[in-house]
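See below for the structure under consideration.
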Amino acid sequence: MSTLPSPLVLDPASPVPPYEQIRVQIRLHIATGQLAPGSVLPSVRQLARDLGVAPNTVMRAYSELEREGWVVTTTRKGVQVAPFSSTRVTEIRAHEFEQAVTRLLVTAHQLGVTPAEIHAEIDRLLRAFPYHSSGG
């Protein structure tokens, strides 16, 4: 039986379609190494049932991930995380982080937030965030 490292969460109020929410979360699990190359993802029917969505929604997410090279589909094993070298995983992680920061900066710009306010808020959140114990 295949499982994900943590349950996927869909936000029904989000303007992002469910298949895209699934795709992004699985991609993040792969980019952070939570899903190793060769890991088998849940079947389309199982994940659709778990998330309360139509199987076509999961199928579209898996198809997009395969098109992007994140997963491969085989007849015998289903959908598996594609093989990546450690260098590639580092590149993927850096790219994902850059995209997240870019989304933050676009939103901040749209809200009229200054660079000083961005820095202050990030510093405040880093101090409060539970994983942050390295001091900096």
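Numbering starts fresh at 1 for the residues of each chain in the structure tokens, the chains themselves are lettered A, B, ... in the order given, and ligands are numbered from 1 as they appear.
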According to DSSP computed on the backbone, where in chain A is there strand (DSSP E)? Give the residues as a PyMOL selection string. chain A and resi 71-74+78-81
Using only C-alpha atoms, which residues sit within 12 Å of A:Ser85 once same-chain residues fewer than 2 positions away are excluded, as a ChimeraX atom specification? /A:31,33,36-37,82-83,87-92
Keeping only all heavy atoms, write the selected residues to a file as a PDB file, in the first residue's frame.
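And here is the file that came out, result.pdb:
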```pdb
ATOM      1  N   ALA A  31      10.460  17.491  -3.896  1.00  0.00           N
ATOM      2  CA  ALA A  31      11.553  18.478  -3.862  1.00  0.00           C
ATOM      3  C   ALA A  31      12.245  18.526  -2.506  1.00  0.00           C
ATOM      4  O   ALA A  31      13.438  18.808  -2.426  1.00  0.00           O
ATOM      5  CB  ALA A  31      11.022  19.865  -4.233  1.00  0.00           C
ATOM      6  N   GLY A  33      12.548  15.945  -0.543  1.00  0.00           N
ATOM      7  CA  GLY A  33      13.085  14.633  -0.219  1.00  0.00           C
ATOM      8  C   GLY A  33      12.170  13.788   0.657  1.00  0.00           C
ATOM      9  O   GLY A  33      12.550  12.700   1.075  1.00  0.00           O
ATOM     10  N   ALA A  36      11.095   9.862  -1.818  1.00  0.00           N
ATOM     11  CA  ALA A  36      12.348   9.500  -2.475  1.00  0.00           C
ATOM     12  C   ALA A  36      12.080   8.934  -3.866  1.00  0.00           C
ATOM     13  O   ALA A  36      10.982   8.429  -4.140  1.00  0.00           O
ATOM     14  CB  ALA A  36      13.082   8.471  -1.628  1.00  0.00           C
ATOM     15  N   PRO A  37      13.085   9.002  -4.744  1.00  0.00           N
ATOM     16  CA  PRO A  37      12.935   8.359  -6.049  1.00  0.00           C
ATOM     17  C   PRO A  37      12.534   6.893  -5.875  1.00  0.00           C
ATOM     18  O   PRO A  37      13.037   6.200  -4.987  1.00  0.00           O
ATOM     19  CB  PRO A  37      14.335   8.475  -6.653  1.00  0.00           C
ATOM     20  CG  PRO A  37      14.908   9.704  -6.011  1.00  0.00           C
ATOM     21  CD  PRO A  37      14.374   9.675  -4.603  1.00  0.00           C
ATOM     22  N   ALA A  82      10.059   9.849  -9.955  1.00  0.00           N
ATOM     23  CA  ALA A  82      11.111   9.657 -10.952  1.00  0.00           C
ATOM     24  C   ALA A  82      12.484   9.648 -10.284  1.00  0.00           C
ATOM     25  O   ALA A  82      12.669  10.270  -9.235  1.00  0.00           O
ATOM     26  CB  ALA A  82      11.046  10.773 -11.997  1.00  0.00           C
ATOM     27  N   PRO A  83      13.437   8.957 -10.889  1.00  0.00           N
ATOM     28  CA  PRO A  83      14.785   8.960 -10.320  1.00  0.00           C
ATOM     29  C   PRO A  83      15.432  10.333 -10.480  1.00  0.00           C
ATOM     30  O   PRO A  83      15.337  10.951 -11.540  1.00  0.00           O
ATOM     31  CB  PRO A  83      15.523   7.897 -11.140  1.00  0.00           C
ATOM     32  CG  PRO A  83      14.720   7.681 -12.363  1.00  0.00           C
ATOM     33  CD  PRO A  83      13.321   8.119 -12.066  1.00  0.00           C
ATOM     34  N   THR A  87      22.203  15.973  -6.914  1.00  0.00           N
ATOM     35  CA  THR A  87      22.402  17.310  -7.488  1.00  0.00           C
ATOM     36  C   THR A  87      21.081  17.844  -8.022  1.00  0.00           C
ATOM     37  O   THR A  87      20.739  19.003  -7.805  1.00  0.00           O
ATOM     38  CB  THR A  87      23.439  17.266  -8.624  1.00  0.00           C
ATOM     39  OG1 THR A  87      24.660  16.749  -8.103  1.00  0.00           O
ATOM     40  CG2 THR A  87      23.668  18.627  -9.235  1.00  0.00           C
ATOM     41  N   ARG A  88      20.333  16.993  -8.698  1.00  0.00           N
ATOM     42  CA  ARG A  88      19.048  17.407  -9.268  1.00  0.00           C
ATOM     43  C   ARG A  88      18.061  17.762  -8.152  1.00  0.00           C
ATOM     44  O   ARG A  88      17.321  18.726  -8.260  1.00  0.00           O
ATOM     45  CB  ARG A  88      18.490  16.287 -10.159  1.00  0.00           C
ATOM     46  CG  ARG A  88      17.163  16.627 -10.795  1.00  0.00           C
ATOM     47  CD  ARG A  88      17.281  17.720 -11.833  1.00  0.00           C
ATOM     48  NE  ARG A  88      15.985  17.939 -12.424  1.00  0.00           N
ATOM     49  CZ  ARG A  88      15.406  19.116 -12.543  1.00  0.00           C
ATOM     50  NH1 ARG A  88      16.025  20.208 -12.173  1.00  0.00           N
ATOM     51  NH2 ARG A  88      14.221  19.235 -13.067  1.00  0.00           N
ATOM     52  N   VAL A  89      18.062  16.981  -7.077  1.00  0.00           N
ATOM     53  CA  VAL A  89      17.173  17.278  -5.951  1.00  0.00           C
ATOM     54  C   VAL A  89      17.508  18.651  -5.373  1.00  0.00           C
ATOM     55  O   VAL A  89      16.618  19.444  -5.064  1.00  0.00           O
ATOM     56  CB  VAL A  89      17.253  16.174  -4.871  1.00  0.00           C
ATOM     57  CG1 VAL A  89      16.533  16.593  -3.598  1.00  0.00           C
ATOM     58  CG2 VAL A  89      16.656  14.877  -5.400  1.00  0.00           C
ATOM     59  N   THR A  90      18.800  18.963  -5.252  1.00  0.00           N
ATOM     60  CA  THR A  90      19.226  20.273  -4.751  1.00  0.00           C
ATOM     61  C   THR A  90      18.746  21.381  -5.684  1.00  0.00           C
ATOM     62  O   THR A  90      18.255  22.414  -5.232  1.00  0.00           O
ATOM     63  CB  THR A  90      20.768  20.319  -4.605  1.00  0.00           C
ATOM     64  OG1 THR A  90      21.151  19.288  -3.695  1.00  0.00           O
ATOM     65  CG2 THR A  90      21.242  21.662  -4.100  1.00  0.00           C
ATOM     66  N   GLU A  91      18.868  21.158  -6.987  1.00  0.00           N
ATOM     67  CA  GLU A  91      18.400  22.148  -7.971  1.00  0.00           C
ATOM     68  C   GLU A  91      16.892  22.342  -7.870  1.00  0.00           C
ATOM     69  O   GLU A  91      16.398  23.467  -7.915  1.00  0.00           O
ATOM     70  CB  GLU A  91      18.764  21.700  -9.392  1.00  0.00           C
ATOM     71  CG  GLU A  91      20.237  21.738  -9.706  1.00  0.00           C
ATOM     72  CD  GLU A  91      20.561  21.055 -11.028  1.00  0.00           C
ATOM     73  OE1 GLU A  91      19.652  20.528 -11.706  1.00  0.00           O
ATOM     74  OE2 GLU A  91      21.762  21.031 -11.372  1.00  0.00           O
ATOM     75  N   ILE A  92      16.166  21.244  -7.744  1.00  0.00           N
ATOM     76  CA  ILE A  92      14.708  21.305  -7.647  1.00  0.00           C
ATOM     77  C   ILE A  92      14.303  22.077  -6.395  1.00  0.00           C
ATOM     78  O   ILE A  92      13.430  22.942  -6.434  1.00  0.00           O
ATOM     79  CB  ILE A  92      14.098  19.882  -7.622  1.00  0.00           C
ATOM     80  CG1 ILE A  92      14.260  19.226  -8.996  1.00  0.00           C
ATOM     81  CG2 ILE A  92      12.634  19.909  -7.206  1.00  0.00           C
ATOM     82  CD1 ILE A  92      13.977  17.735  -8.995  1.00  0.00           C
TER      83      ILE A  92
END
```
Please report as CSV every residue of stretch 45-109 of chain A lying within 7 Å of stretch 17-21 of chain A, along with the nearest atom pair and their distance in Å (one decimal), using only C-alpha atoms.
```
residue,atom,partner,partner_atom,distance
A:Thr57,CA,A:Tyr19,CA,5.1
A:Val58,CA,A:Tyr19,CA,6.0
A:Arg60,CA,A:Tyr19,CA,6.2
A:Ala61,CA,A:Tyr19,CA,4.9
```
Go ahead and save the picked residues with N, CA, C and O atoms, as a JSON list (two decimals), in the first residue's frame.
```json
[["chain", "number", "residue", "atom", "x", "y", "z"],
["A", 57, "THR", "N", -9.60, 14.16, -11.38],
["A", 57, "THR", "CA", -8.83, 15.25, -10.76],
["A", 57, "THR", "C", -7.43, 14.75, -10.40],
["A", 57, "THR", "O", -6.44, 15.41, -10.70],
["A", 58, "VAL", "N", -7.35, 13.59, -9.77],
["A", 58, "VAL", "CA", -6.06, 13.01, -9.40],
["A", 58, "VAL", "C", -5.29, 12.62, -10.66],
["A", 58, "VAL", "O", -4.08, 12.85, -10.77],
["A", 60, "ARG", "N", -5.39, 13.97, -13.55],
["A", 60, "ARG", "CA", -4.81, 15.17, -14.17],
["A", 60, "ARG", "C", -3.56, 15.63, -13.41],
["A", 60, "ARG", "O", -2.56, 16.00, -14.02],
["A", 61, "ALA", "N", -3.60, 15.61, -12.08],
["A", 61, "ALA", "CA", -2.43, 15.98, -11.28],
["A", 61, "ALA", "C", -1.26, 15.06, -11.60],
["A", 61, "ALA", "O", -0.14, 15.52, -11.83]]
```
Considering only C-alpha atoms, can you say which of A:Ala108, A:Val71, A:Leu28, A:Leu8 comes closest to A:Ala48?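 Nearest candidate to A:Ala48 out of A:Ala108, A:Val71, A:Leu28, A:Leu8: A:Leu8.
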Quick one: residues within 10 Å of stretch 117-121 of chain A, only C-alpha atoms counted, chain neighbours fewer than 5 positions away excluded, as a PyMOL selection string? chain A and resi 104-105+108-109+112+126-127
Can I get the selection written as a PDB file, in the first residue's frame, with C-alpha atoms?
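New file part_30.pdb:
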```
ATOM      1  CA  LEU A 104       5.675  36.233  -1.696  1.00  0.00           C
ATOM      2  CA  LEU A 105       7.311  39.263  -3.318  1.00  0.00           C
ATOM      3  CA  ALA A 108       3.846  41.999  -1.082  1.00  0.00           C
ATOM      4  CA  HIS A 109       4.223  44.355  -4.066  1.00  0.00           C
ATOM      5  CA  GLY A 112       2.177  47.937  -1.253  1.00  0.00           C
ATOM      6  CA  LEU A 126      11.563  33.134  11.763  1.00  0.00           C
ATOM      7  CA  ARG A 127      11.960  33.884  15.460  1.00  0.00           C
TER       8      ARG A 127
END
```
Nearest to A:Val44, chosen from A:Ile122, A:Val101, A:Ile30, A:Val79, with only C-alpha atoms counted in the distances: A:Val79
Which residue is closest to A:Gly52? Choose from A:Leu10, A:Leu111, A:Ala100, A:Val24 and count only C-alpha atoms.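 Using only C-alpha atoms, the shortest distance to A:Gly52 belongs to A:Leu10.
Distances from A:Pro115, A:Asp11, A:Ile22, A:Leu51 to A:Glu64 were compared using only C-alpha atoms, and the smallest one belongs to A:Ile22.
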